Structure formats: C-alpha cells, structure tokens
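Below: coords15.csv (CSV, C-alpha atoms)
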chain,number,residue,atom,x,y,z
V,23,MET,CA,0.0,0.0,0.0
V,24,ASN,CA,1.2,3.5,-0.8
V,25,PHE,CA,0.6,5.8,2.1
V,26,THR,CA,-0.3,9.4,1.3
V,27,GLY,CA,2.5,11.6,2.5
V,28,ALA,CA,1.5,15.1,1.4
V,29,PHE,CA,-0.7,17.2,3.7
V,30,LEU,CA,-2.8,20.2,2.7
V,31,LYS,CA,-1.5,23.7,3.4
V,32,ALA,CA,-3.6,25.6,5.9
V,33,SER,CA,-4.8,27.9,3.2
V,34,SER,CA,-6.3,25.0,1.3
V,35,ARG,CA,-8.3,23.8,4.2
V,36,SER,CA,-10.6,26.8,4.0
V,37,LEU,CA,-11.9,25.6,0.7
V,38,PHE,CA,-13.5,22.6,2.3
V,39,SER,CA,-16.2,24.2,4.4
V,40,GLY,CA,-17.7,25.5,1.2
V,41,ILE,CA,-17.0,22.4,-0.8
V,42,PHE,CA,-18.6,20.2,1.8
V,43,LEU,CA,-21.9,22.1,1.6
V,44,ILE,CA,-22.1,21.3,-2.1
V,45,PHE,CA,-22.4,17.6,-1.4
V,46,PHE,CA,-23.9,17.2,2.1
V,47,PHE,CA,-27.5,17.3,1.0
V,48,LEU,CA,-27.1,15.1,-2.0
V,49,ASN,CA,-28.9,11.7,-1.9
V,50,VAL,CA,-26.1,9.2,-2.3
V,51,SER,CA,-27.0,5.9,-3.8
V,52,CYS,CA,-24.3,3.3,-4.4
V,53,CYS,CA,-26.9,1.2,-6.2
V,54,ALA,CA,-28.3,3.8,-8.5
V,55,HIS,CA,-28.4,1.4,-11.4
V,56,GLU,CA,-30.7,-0.9,-9.5
V,57,LEU,CA,-28.9,-4.1,-10.5
V,58,SER,CA,-29.0,-6.9,-7.9
V,59,ASP,CA,-25.9,-9.0,-7.1
V,60,GLN,CA,-27.6,-11.9,-8.8
V,61,GLN,CA,-28.2,-9.9,-12.0
V,62,ILE,CA,-24.6,-8.7,-12.0
V,63,ALA,CA,-23.3,-12.2,-11.5
V,64,ALA,CA,-25.4,-13.5,-14.4
V,65,ILE,CA,-24.4,-10.7,-16.7
V,66,ASP,CA,-20.8,-11.1,-15.9
V,67,ALA,CA,-20.8,-14.9,-16.4
V,68,HIS,CA,-22.3,-14.5,-19.8
V,69,THR,CA,-19.9,-11.7,-20.7
V,70,LEU,CA,-16.8,-13.5,-19.7
V,71,ALA,CA,-17.9,-16.6,-21.6
V,72,ALA,CA,-17.9,-14.6,-24.9
V,73,PRO,CA,-16.4,-17.0,-27.6
V,74,PRO,CA,-13.4,-15.8,-29.7
V,75,GLU,CA,-15.4,-15.9,-32.9
V,76,VAL,CA,-17.7,-13.1,-31.7
V,77,GLU,CA,-14.9,-11.0,-30.3
V,78,VAL,CA,-13.3,-10.3,-33.7
V,79,ASP,CA,-16.2,-7.9,-34.7
V,80,ARG,CA,-17.4,-5.1,-32.4
V,81,GLN,CA,-21.0,-5.1,-33.4
V,82,LEU,CA,-21.2,-8.9,-33.4
V,83,LEU,CA,-19.7,-8.8,-29.9
V,84,VAL,CA,-22.2,-6.2,-28.6
V,85,ALA,CA,-25.0,-8.3,-30.0
V,86,TYR,CA,-23.7,-11.3,-28.0
V,87,LEU,CA,-23.2,-9.2,-24.8
V,88,THR,CA,-26.6,-7.7,-24.8
V,89,GLN,CA,-28.5,-10.8,-25.8
V,90,GLY,CA,-31.5,-11.2,-23.5
V,91,LEU,CA,-30.8,-8.0,-21.6
V,92,ASN,CA,-33.7,-5.5,-21.3
V,93,THR,CA,-32.5,-2.4,-19.5
V,94,ASP,CA,-29.8,0.1,-20.2
V,95,ALA,CA,-28.1,-0.6,-16.9
V,96,GLU,CA,-27.8,-4.3,-17.8
V,97,LYS,CA,-26.3,-3.5,-21.2
V,98,ALA,CA,-23.9,-0.9,-19.7
V,99,ARG,CA,-22.8,-3.5,-17.2
V,100,ALA,CA,-22.1,-6.1,-19.9
V,101,ILE,CA,-20.0,-3.7,-21.9
V,102,TYR,CA,-18.1,-2.4,-18.8
V,103,ARG,CA,-17.3,-6.0,-17.7
V,104,TRP,CA,-16.0,-7.1,-21.1
V,105,ILE,CA,-13.7,-4.1,-21.5
V,106,THR,CA,-12.4,-4.3,-18.0
V,107,ASP,CA,-11.6,-8.0,-18.5
V,108,ARG,CA,-10.3,-8.1,-22.0
V,109,ILE,CA,-8.5,-4.9,-22.4
V,110,VAL,CA,-5.2,-4.3,-20.6
V,111,TYR,CA,-3.8,-0.9,-19.8
V,112,ASP,CA,-0.6,0.0,-21.7
V,113,ALA,CA,1.5,1.1,-18.7
V,114,ASP,CA,4.7,1.0,-20.7
V,115,ALA,CA,3.3,3.5,-23.2
V,116,PHE,CA,2.0,5.8,-20.4
V,117,LEU,CA,5.2,5.8,-18.3
V,118,SER,CA,7.5,6.3,-21.3
V,119,GLY,CA,5.3,9.1,-22.7
V,120,ARG,CA,5.1,7.4,-26.1
V,121,VAL,CA,1.4,7.1,-26.3
V,122,GLU,CA,0.2,6.5,-29.8
V,123,ASP,CA,-3.3,7.4,-31.1
V,124,MET,CA,-5.1,4.2,-31.4
V,125,SER,CA,-8.4,3.6,-33.2
V,126,VAL,CA,-11.2,1.6,-31.7
V,127,GLU,CA,-10.3,-1.2,-34.2
V,128,ASP,CA,-6.7,-1.2,-33.0
V,129,VAL,CA,-7.8,-1.5,-29.3
V,130,MET,CA,-10.1,-4.4,-30.2
V,131,LYS,CA,-7.3,-6.1,-32.1
V,132,LYS,CA,-4.4,-5.5,-29.8
V,133,ARG,CA,-6.4,-5.7,-26.5
V,134,LYS,CA,-4.2,-3.0,-25.1
V,135,SER,CA,-4.5,0.8,-24.8
V,136,VAL,CA,-4.4,3.8,-22.5
V,137,CYS,CA,-7.4,5.7,-21.1
V,138,PHE,CA,-8.5,7.3,-24.4
V,139,GLY,CA,-8.7,4.0,-26.1
V,140,PHE,CA,-10.7,2.5,-23.2
V,141,SER,CA,-13.2,5.4,-23.2
V,142,SER,CA,-13.5,5.5,-27.0
V,143,LEU,CA,-14.2,1.7,-27.1
V,144,PHE,CA,-16.8,2.0,-24.3
V,145,GLU,CA,-18.5,4.8,-26.2
V,146,LYS,CA,-18.6,2.9,-29.5
V,147,MET,CA,-19.9,-0.3,-27.9
V,148,ALA,CA,-22.5,1.6,-25.9
V,149,LYS,CA,-23.7,3.3,-29.1
V,150,ASP,CA,-23.9,0.0,-30.8
V,151,ALA,CA,-26.2,-1.1,-28.0
V,152,ASN,CA,-28.3,2.1,-28.6
V,153,LEU,CA,-27.3,3.7,-25.4
V,154,GLU,CA,-26.7,7.4,-25.0
V,155,VAL,CA,-23.1,7.9,-24.0
V,156,LYS,CA,-20.3,10.6,-24.0
V,157,SER,CA,-16.6,10.4,-23.8
V,158,ILE,CA,-15.3,12.9,-21.2
V,159,SER,CA,-11.8,14.5,-21.1
V,160,GLY,CA,-10.3,15.8,-18.0
V,161,TYR,CA,-7.9,15.6,-15.1
V,162,ALA,CA,-7.4,12.5,-12.9
V,163,LYS,CA,-5.3,12.0,-9.8
V,164,ALA,CA,-3.8,8.9,-11.1
V,165,TYR,CA,-0.4,7.1,-10.7
V,166,GLY,CA,2.4,9.6,-10.3
V,167,THR,CA,0.3,12.6,-9.3
V,168,SER,CA,0.3,14.2,-5.9
V,169,GLN,CA,-2.0,16.2,-3.6
V,170,GLY,CA,-2.1,19.9,-4.6
V,171,GLN,CA,-0.5,19.3,-8.0
V,172,HIS,CA,-1.7,21.6,-10.7
V,173,PHE,CA,-2.9,20.1,-14.0
V,174,ASP,CA,-2.1,22.3,-17.0
V,175,LYS,CA,-3.6,19.9,-19.5
V,176,PRO,CA,-6.0,16.9,-19.5
V,177,ASN,CA,-4.5,13.6,-18.6
V,178,HIS,CA,-7.4,11.2,-18.6
V,179,ALA,CA,-10.6,10.2,-20.3
V,180,TRP,CA,-13.8,8.4,-19.1
V,181,ASN,CA,-17.5,8.2,-20.0
V,182,ALA,CA,-20.9,9.4,-19.0
V,183,ILE,CA,-23.9,7.3,-19.8
V,184,ARG,CA,-27.6,8.0,-19.6
V,185,ILE,CA,-29.7,5.5,-17.8
V,186,ASN,CA,-33.4,6.0,-16.8
V,187,GLU,CA,-33.1,9.6,-17.9
V,188,ASN,CA,-30.2,10.3,-15.5
V,189,TRP,CA,-26.5,10.6,-16.4
V,190,TYR,CA,-23.9,8.4,-14.5
V,191,LEU,CA,-20.1,8.1,-14.6
V,192,VAL,CA,-18.0,5.2,-15.8
V,193,ASP,CA,-14.3,4.7,-15.9
V,194,SER,CA,-13.5,1.4,-17.5
V,195,THR,CA,-9.7,2.2,-17.4
V,196,TRP,CA,-9.6,2.4,-13.6
V,197,GLY,CA,-12.2,-0.4,-13.5
V,198,ALA,CA,-9.7,-2.7,-15.2
V,199,GLY,CA,-7.0,-2.2,-12.6
V,200,TYR,CA,-4.2,0.2,-11.6
V,201,ILE,CA,-0.5,0.9,-11.9
V,202,LYS,CA,1.7,-0.2,-9.0
V,203,ASP,CA,5.4,0.0,-8.9
V,204,GLY,CA,5.5,0.8,-12.6
V,205,LYS,CA,3.4,-2.3,-13.6
V,206,PHE,CA,-0.3,-2.6,-14.4
V,207,LYS,CA,-2.2,-4.7,-11.9
V,208,LYS,CA,-5.2,-6.3,-13.5
V,209,GLU,CA,-8.1,-6.2,-11.0
V,210,LEU,CA,-11.7,-5.4,-11.5
V,211,SER,CA,-13.0,-2.4,-9.6
V,212,GLU,CA,-16.7,-1.9,-9.1
V,213,ALA,CA,-16.0,1.6,-7.7
V,214,PHE,CA,-15.9,3.1,-11.2
V,215,PHE,CA,-19.2,1.7,-12.7
V,216,LEU,CA,-22.0,4.2,-12.5
V,217,THR,CA,-20.2,6.0,-9.7
V,218,PRO,CA,-22.0,8.7,-7.6
V,219,PRO,CA,-20.6,12.1,-8.7
V,220,GLU,CA,-19.7,13.1,-5.2
V,221,GLN,CA,-17.4,10.1,-5.0
V,222,PHE,CA,-16.0,10.4,-8.5
V,223,VAL,CA,-14.9,14.0,-8.1
V,224,PHE,CA,-12.3,13.1,-5.5
V,225,SER,CA,-10.2,11.7,-8.4
V,226,HIS,CA,-11.8,12.9,-11.7
V,227,PHE,CA,-12.4,16.5,-12.9
V,228,PRO,CA,-13.8,17.1,-16.4
V,229,VAL,CA,-12.7,19.9,-18.6
V,230,ASP,CA,-16.4,20.7,-19.3
V,231,GLU,CA,-17.8,21.4,-15.8
V,232,GLN,CA,-21.3,20.2,-16.7
V,233,TRP,CA,-20.0,16.6,-16.6
V,234,GLN,CA,-19.3,16.9,-12.9
V,235,LEU,CA,-23.0,16.1,-12.7
V,236,GLN,CA,-23.5,17.7,-9.3
V,237,ARG,CA,-27.1,18.9,-8.7
V,238,THR,CA,-25.7,22.0,-6.9
V,239,SER,CA,-22.6,24.2,-7.3
V,240,HIS,CA,-19.6,22.8,-9.1
V,241,LEU,CA,-16.0,22.7,-8.0
V,242,SER,CA,-13.3,24.8,-9.5
V,243,GLN,CA,-10.1,23.2,-10.8
V,244,ARG,CA,-8.2,24.7,-7.9
V,245,GLU,CA,-10.6,23.1,-5.4
V,246,PHE,CA,-10.3,19.8,-7.1
V,247,GLU,CA,-6.5,20.0,-7.0
V,248,SER,CA,-6.6,20.7,-3.2
V,249,LEU,CA,-8.7,17.7,-2.4
V,250,PRO,CA,-7.0,14.9,-0.4
V,251,GLN,CA,-5.4,12.2,-2.4
V,252,VAL,CA,-7.3,8.9,-2.4
V,253,GLU,CA,-6.1,5.5,-3.6
V,254,PRO,CA,-8.1,3.8,-6.4
V,255,THR,CA,-9.2,1.2,-3.8
V,256,PHE,CA,-10.3,3.8,-1.2
V,257,PHE,CA,-14.0,3.3,-1.7
V,258,HIS,CA,-13.8,-0.5,-2.1
V,259,SER,CA,-14.8,-1.0,1.6
V,260,ASN,CA,-17.9,1.0,1.4
V,261,ILE,CA,-16.4,4.1,2.9
V,262,SER,CA,-19.1,6.8,2.7
V,263,PRO,CA,-18.2,9.7,0.3
V,264,ILE,CA,-20.4,12.0,2.4
V,265,GLU,CA,-18.4,11.1,5.6
V,266,ALA,CA,-15.2,11.8,3.6
V,267,TRP,CA,-16.5,15.2,2.6
V,268,GLU,CA,-17.5,15.8,6.3
V,269,ALA,CA,-14.0,14.9,7.4
V,270,THR,CA,-12.5,17.6,5.2
V,271,ARG,CA,-14.6,20.2,6.9
V,272,SER,CA,-13.2,19.3,10.4
V,273,PRO,CA,-10.7,21.7,11.9
V,274,GLU,CA,-8.7,18.6,13.0
V,275,PHE,CA,-8.3,17.3,9.5
V,276,SER,CA,-4.6,16.9,8.7
V,277,GLY,CA,-5.2,16.5,4.9
V,278,SER,CA,-5.0,12.7,4.8
V,279,PHE,CA,-7.7,10.1,4.9
V,280,VAL,CA,-7.5,6.7,6.6
V,281,HIS,CA,-5.1,4.5,4.8
V,282,THR,CA,-6.8,1.5,3.0
V,283,PHE,CA,-5.3,-1.6,1.6
V,284,GLU,CA,-5.8,-3.5,-1.7
V,285,LEU,CA,-8.7,-5.6,-0.7
V,286,PRO,CA,-11.3,-6.9,-3.2
V,287,TYR,CA,-14.4,-4.8,-3.6
V,288,HIS,CA,-16.8,-5.1,-0.7
V,289,LEU,CA,-14.8,-7.9,0.9
V,290,VAL,CA,-15.5,-5.8,4.0
V,291,SER,CA,-18.1,-3.1,4.4
V,292,ILE,CA,-17.3,-0.3,6.8
V,293,GLN,CA,-20.5,0.8,8.6
V,294,LYS,CA,-18.7,3.1,11.0
V,295,ALA,CA,-15.1,4.1,11.4
V,296,PRO,CA,-13.0,7.3,11.5
V,297,VAL,CA,-12.4,8.6,8.0
V,298,MET,CA,-9.4,10.8,9.0
V,299,TYR,CA,-5.9,9.2,9.1
V,300,ARG,CA,-4.7,11.1,12.2
V,301,LEU,CA,-6.6,10.4,15.4
V,302,LYS,CA,-6.3,11.9,18.8
V,303,LEU,CA,-5.1,10.3,22.0
V,304,ASN,CA,-7.6,9.6,24.8
V,305,ARG,CA,-10.6,10.0,22.5
V,306,MET,CA,-13.3,7.4,21.9
V,307,TYR,CA,-13.7,6.1,18.3
V,308,THR,CA,-16.4,3.7,17.2
V,309,PHE,CA,-15.8,0.9,14.7
V,310,LYS,CA,-18.5,-1.3,13.1
V,311,ILE,CA,-17.4,-3.5,10.2
V,312,ASN,CA,-19.4,-6.1,8.3
V,313,ALA,CA,-17.3,-9.0,6.9
V,314,THR,CA,-18.5,-12.6,6.3
V,315,ILE,CA,-15.1,-13.8,5.4
V,316,PHE,CA,-13.4,-13.0,8.7
V,317,GLU,CA,-13.5,-15.1,11.8
V,318,LYS,CA,-11.8,-12.5,14.0
V,319,MET,CA,-11.0,-8.8,13.8
V,320,ALA,CA,-8.7,-6.8,16.1
V,321,LEU,CA,-7.2,-3.4,16.6
V,322,VAL,CA,-3.4,-3.5,16.9
V,323,GLN,CA,-1.1,-0.8,18.2
V,324,ALA,CA,2.5,-1.8,18.8
V,325,ASP,CA,2.3,-5.1,20.8
V,326,HIS,CA,-1.2,-4.4,22.1
V,327,TRP,CA,-4.0,-6.4,20.5
V,328,GLN,CA,-7.7,-5.7,21.3
V,329,GLU,CA,-10.1,-8.1,19.7
V,330,MET,CA,-13.3,-6.7,18.3
V,331,GLU,CA,-16.7,-8.0,19.5
V,332,LYS,CA,-18.5,-10.2,16.9
V,333,ASP,CA,-22.2,-10.4,16.4
V,334,GLY,CA,-23.1,-12.4,13.4
V,335,ASP,CA,-21.2,-10.9,10.5
V,336,PHE,CA,-20.6,-7.6,12.3
V,337,PHE,CA,-17.5,-6.6,14.3
V,338,THR,CA,-17.7,-3.7,16.7
V,339,PHE,CA,-15.4,-1.9,19.1
V,340,ASN,CA,-15.1,1.4,20.9
V,341,TYR,CA,-11.4,2.4,20.8
V,342,ASN,CA,-9.7,4.8,23.2
V,343,SER,CA,-5.9,4.8,23.4
V,344,GLU,CA,-3.1,6.6,25.3
V,345,LEU,CA,-0.4,5.2,22.9
V,346,GLN,CA,1.1,7.3,20.1
V,347,GLY,CA,1.9,5.7,16.8
V,348,GLN,CA,0.3,3.6,14.1
V,349,MET,CA,-2.8,1.6,14.8
V,350,LEU,CA,-4.1,-1.1,12.4
V,351,VAL,CA,-7.5,-2.8,12.0
V,352,VAL,CA,-6.8,-6.4,10.9
V,353,GLY,CA,-8.9,-9.4,10.2
V,354,LYS,CA,-8.3,-13.2,10.3
V,355,LYS,CA,-10.0,-15.4,7.7
V,356,PHE,CA,-11.6,-18.7,8.8
V,357,ASP,CA,-9.1,-20.7,6.7
V,358,SER,CA,-5.9,-18.8,7.6
V,359,ASP,CA,-3.6,-18.2,10.5
V,360,GLN,CA,-2.5,-14.9,9.1
V,361,TYR,CA,-4.2,-11.5,9.7
V,362,THR,CA,-5.0,-9.2,6.8
V,363,ALA,CA,-4.6,-5.4,7.2
V,364,ILE,CA,-7.8,-3.5,6.6
V,365,LEU,CA,-7.3,0.1,7.8
V,366,ALA,CA,-4.3,2.1,9.2
V,367,TYR,CA,-4.3,5.2,11.4
V,368,GLU,CA,-1.8,7.4,13.2
V,369,LEU,CA,-2.5,8.4,16.8
V,370,SER,CA,-1.0,11.6,18.2
V,371,PRO,CA,-1.7,14.3,20.8
Target format structure tokens, applied to this file:
Amino acid sequence: MNFTGAFLKASSRSLFSGIFLIFFFLNVSCCAHELSDQQIAAIDAHTLAAPPEVEVDRQLLVAYLTQGLNTDAEKARAIYRWITDRIVYDADAFLSGRVEDMSVEDVMKKRKSVCFGFSSLFEKMAKDANLEVKSISGYAKAYGTSQGQHFDKPNHAWNAIRINENWYLVDSTWGAGYIKDGKFKKELSEAFFLTPPEQFVFSHFPVDEQWQLQRTSHLSQREFESLPQVEPTFFHSNISPIEAWEATRSPEFSGSFVHTFELPYHLVSIQKAPVMYRLKLNRMYTFKINATIFEKMALVQADHWQEMEKDGDFFTFNYNSELQGQMLVVGKKFDSDQYTAILAYELSP
C-alpha cells in the first residue's frame, strides 16, 4: 500500500467548508443502477464466456453481450465488464510518454490501450447497443500525481452514460486495474461503474464542468487539486463519500484520509469508522465493520491487540488509546492463521 505523504496547506483547508456544503444534502446511492448482485453475476458470467469468434467484430460482440438484456443498466454492465476483463492498460506507453493514437479497431485487435482507447471503445460499444453515452476528457489524480498538484492539460478520459433519464459516470480504465510499482495490476474495480458524482470527483475532474454532474454548485479546478489524495481502492470497503466530505470540513483534518489496503471490492463493508488518518489520543472512536469472510478482527497498536466484538457478521469496538503511533485494523479469515490489514491510522496528541 502506498501511504499518502502530502498534507494540505492551511490555506487550502478553508476551501473545504464551502465544498462540503455542495455535497452534504445530496442523496447518495451506491446502487443507482438498481442491479442486484444476482443480476450482475449472471451478466458477468455471460460476458466472460464470450467466444473468440464473436470478439473479432465489435458489433457482433455487442449483440452477443446484450442478448436477453432488457435495461440500459444491464447493457452498460455487460460492456463495462467485457472491456475491464479483455483490455489491458498499456503502462509502458503511459510511463514512457510514447502514447500513440489508437483507433477503436486497434484497441479491439491489440487488446491494449491507454485511457483514451478505453473510453472510445466504451462509447462505440454503448452506441452499438443504442445507449446514450459521451466520452469525457479531464484531469485525474492517477499514478504519479500528488495532492495539490496543478494540472495544465487533461491527462485522462472516461465516460458518462444516460440510464433511466439520468447521467452516470463510468471509468473502464480504472475499472480494469491500476498501476503499482510501474506495472499494471489487472483487478476489477466496481467503484468506477455508475459511480456517484460526489465520490467520482475526488479523483476525476472534467474539462467541461457540466459533466461533474452535481445537482448544486460545481467545484473549480483549484478546489479539485486541493482535495485529499485517495487510492483507487479507497472506496472498495464502502467508505461513505459523504463522511469523507464531512472529514475535510473538520478543523482537526490533517489532509489525509484513513489508509486503506488492496482488498477486493466489498470484501468488508465499513459501517462506522473514522475517515481521518490522524486520530487523537484519549478519545473514543467507534468501529463497526461487516465482513462474512473473517473469523476475527482486532485493533493492533505496537504489541497491544484488542479483539473486536463479533455479532453475526458484524465486528464492533469502541477504541480509546493513550499510545502514540500507528494503529491497524486487521482481520483473520476462517481458513488462515494470518491477519489481513484493513485500515491504518496514526494516533498523536
């Protein structure tokens, strides 16, 4: 895991009281597309079983992917899942700066591209399925960028798609995986499929402000650049974007969110936990985490282990410490003797 090292300057913090009000009254829905887990599993299974003979032609492929699907959300899911599985991000081209313009046909043939190829392919396939879709150009806090960094030109592309008369955001590039240590790690992310705009804007900022899709005031580029850095996997554990915005408003906010680890999407679901990385000594913090895969959970600081209480699939604990230093939330799977790191904090006066 890469810990965020840069903190906001004091002058930047003043932005957040206004920014927070933009989002606080939004009705956040992580299931805006109304697809059940069973529907998603069925769509994904059909998508991943696409035979090679239909994958040589885009329109033939789209016809296969959308066979038997009735809603726009279902069709968008099938296209998203195929692209995130079959297309690999060209990390070498990105890191070397030798990015070539690739047509949709080239991306289909080579199965490799950078973000503009991903978004162009998603747009073409969605239009083949008679969906209303746009490719969006803008700025993204991706691999190699830092908190507060100024963007002088667009560095990323993604999509907006219209479903049930509403526009939603999709990033099939980040959905396919991420760069770590100079290499592309292929790993499906659900966090970038029909993402709530108040979550998406932590890492993505469109050139055309209408595609921020907020229902109230929009952010400026400077406000976006001043937002805390988040890892691509930050929202995988169901961390609330509203609570993240609320944390930025706190006078105790140091400029860094709780550190998360590379866990699969929704392996754990954080119902309650501090969102800020730096916590105070001698203060009570409540943790409530849902996780069916873990037999035990504990809070660990130095050599001090405090096991969380378990009630069904929920683990809870009220934590109050006099010890300075790092504190980890860890979990032990039923079939393992090892503990997996879930969250990391720093306690200080």
Out of V:Ile158, V:Ile261, V:Val252, V:Met306, which residue has the shortest atom-to-atom distance to Ser291 in chain V when counting only C-alpha atoms? V:Ile261
Go through V:Pro74, V:Gly197, V:Pro219, V:Gly334 one by one, measure the shortest atom-to-atom distance of each to Tyr287 in chain V using only C-alpha atoms, and give the residue with the smallest value. V:Gly197
May I have the residues within 10 Å of Gln243 in chain V as a list of chain:residue names, using all atoms listed in the file and disregarding those fewer than 6 positions away in the same chain?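 The residues that qualify are V:Tyr161, V:His172, V:Phe173, V:Phe227, V:Pro228, V:Val229, V:Glu231.
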With a cut-off of 10 Å, could you pull out the residues of range 140-242 of chain V touching range 109-123 of chain V and give me the nearest pair of atoms for each, distance in Å to one decimal, using all atoms listed in the file, ordered by chain and ascending number, as a tab-separated table?
residue	atom	partner	partner_atom	distance
V:Phe140	CA	V:Ile109	CA	7.8
V:Leu143	CA	V:Ile109	CA	9.9
V:Tyr165	CA	V:Leu117	CA	9.5
V:Gly166	CA	V:Leu117	CA	9.3
V:Ser194	CA	V:Ile109	CA	9.4
V:Thr195	CA	V:Tyr111	CA	7.1
V:Trp196	CA	V:Tyr111	CA	9.1
V:Ala198	CA	V:Val110	CA	7.2
V:Gly199	CA	V:Tyr111	CA	8.0
V:Tyr200	CA	V:Tyr111	CA	8.3
V:Ile201	CA	V:Ala113	CA	7.1
V:Lys202	CA	V:Ala113	CA	9.8
V:Gly204	CA	V:Ala113	CA	7.3
V:Lys205	CA	V:Ala113	CA	6.4
V:Phe206	CA	V:Ala113	CA	6.0
V:Lys207	CA	V:Tyr111	CA	8.9
V:Lys208	CA	V:Val110	CA	7.4
Could you pull the residues within 12 Å of Glu56 in chain V, counting only C-alpha atoms, minus those fewer than 5 positions along the same chain, as a ChimeraX atom specification? /V:51,61-62,93-96,99,185-186,216
In terms of the shortest atom-to-atom distance over all atoms listed in the file, which of V:Glu247, V:Glu209, V:Glu75, V:Glu265 is closest to Gln221 in chain V?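 Counting all atoms listed in the file, the residue closest to Gln221 in chain V is V:Glu265.
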Restricting the calculation to only C-alpha atoms: of V:Lys97, V:Pro371, V:Ser343, V:Phe283, which residue gets closest to Glu253 in chain V?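 Under the stated criterion, the closest residue is V:Phe283.
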Using all atoms listed in the file, which of the listed residues (V:Ala164, V:Ala100, V:Leu235, V:Ala320) sits closest to Ala151 in chain V? V:Ala100
Contacts of Leu303 in chain V within 9 Å, all atoms listed in the file, excl. fewer than 6 positions in-chain, as a PDB file with C-alpha atoms, in the frame of the given file:
ATOM      1  CA  ASN V 342      -9.700   4.800  23.200  1.00  0.00           C
ATOM      2  CA  SER V 343      -5.900   4.800  23.400  1.00  0.00           C
ATOM      3  CA  GLU V 344      -3.100   6.600  25.300  1.00  0.00           C
ATOM      4  CA  LEU V 345      -0.400   5.200  22.900  1.00  0.00           C
ATOM      5  CA  GLN V 346       1.100   7.300  20.100  1.00  0.00           C
ATOM      6  CA  LEU V 369      -2.500   8.400  16.800  1.00  0.00           C
ATOM      7  CA  SER V 370      -1.000  11.600  18.200  1.00  0.00           C
ATOM      8  CA  PRO V 371      -1.700  14.300  20.800  1.00  0.00           C
TER       9      PRO V 371
END
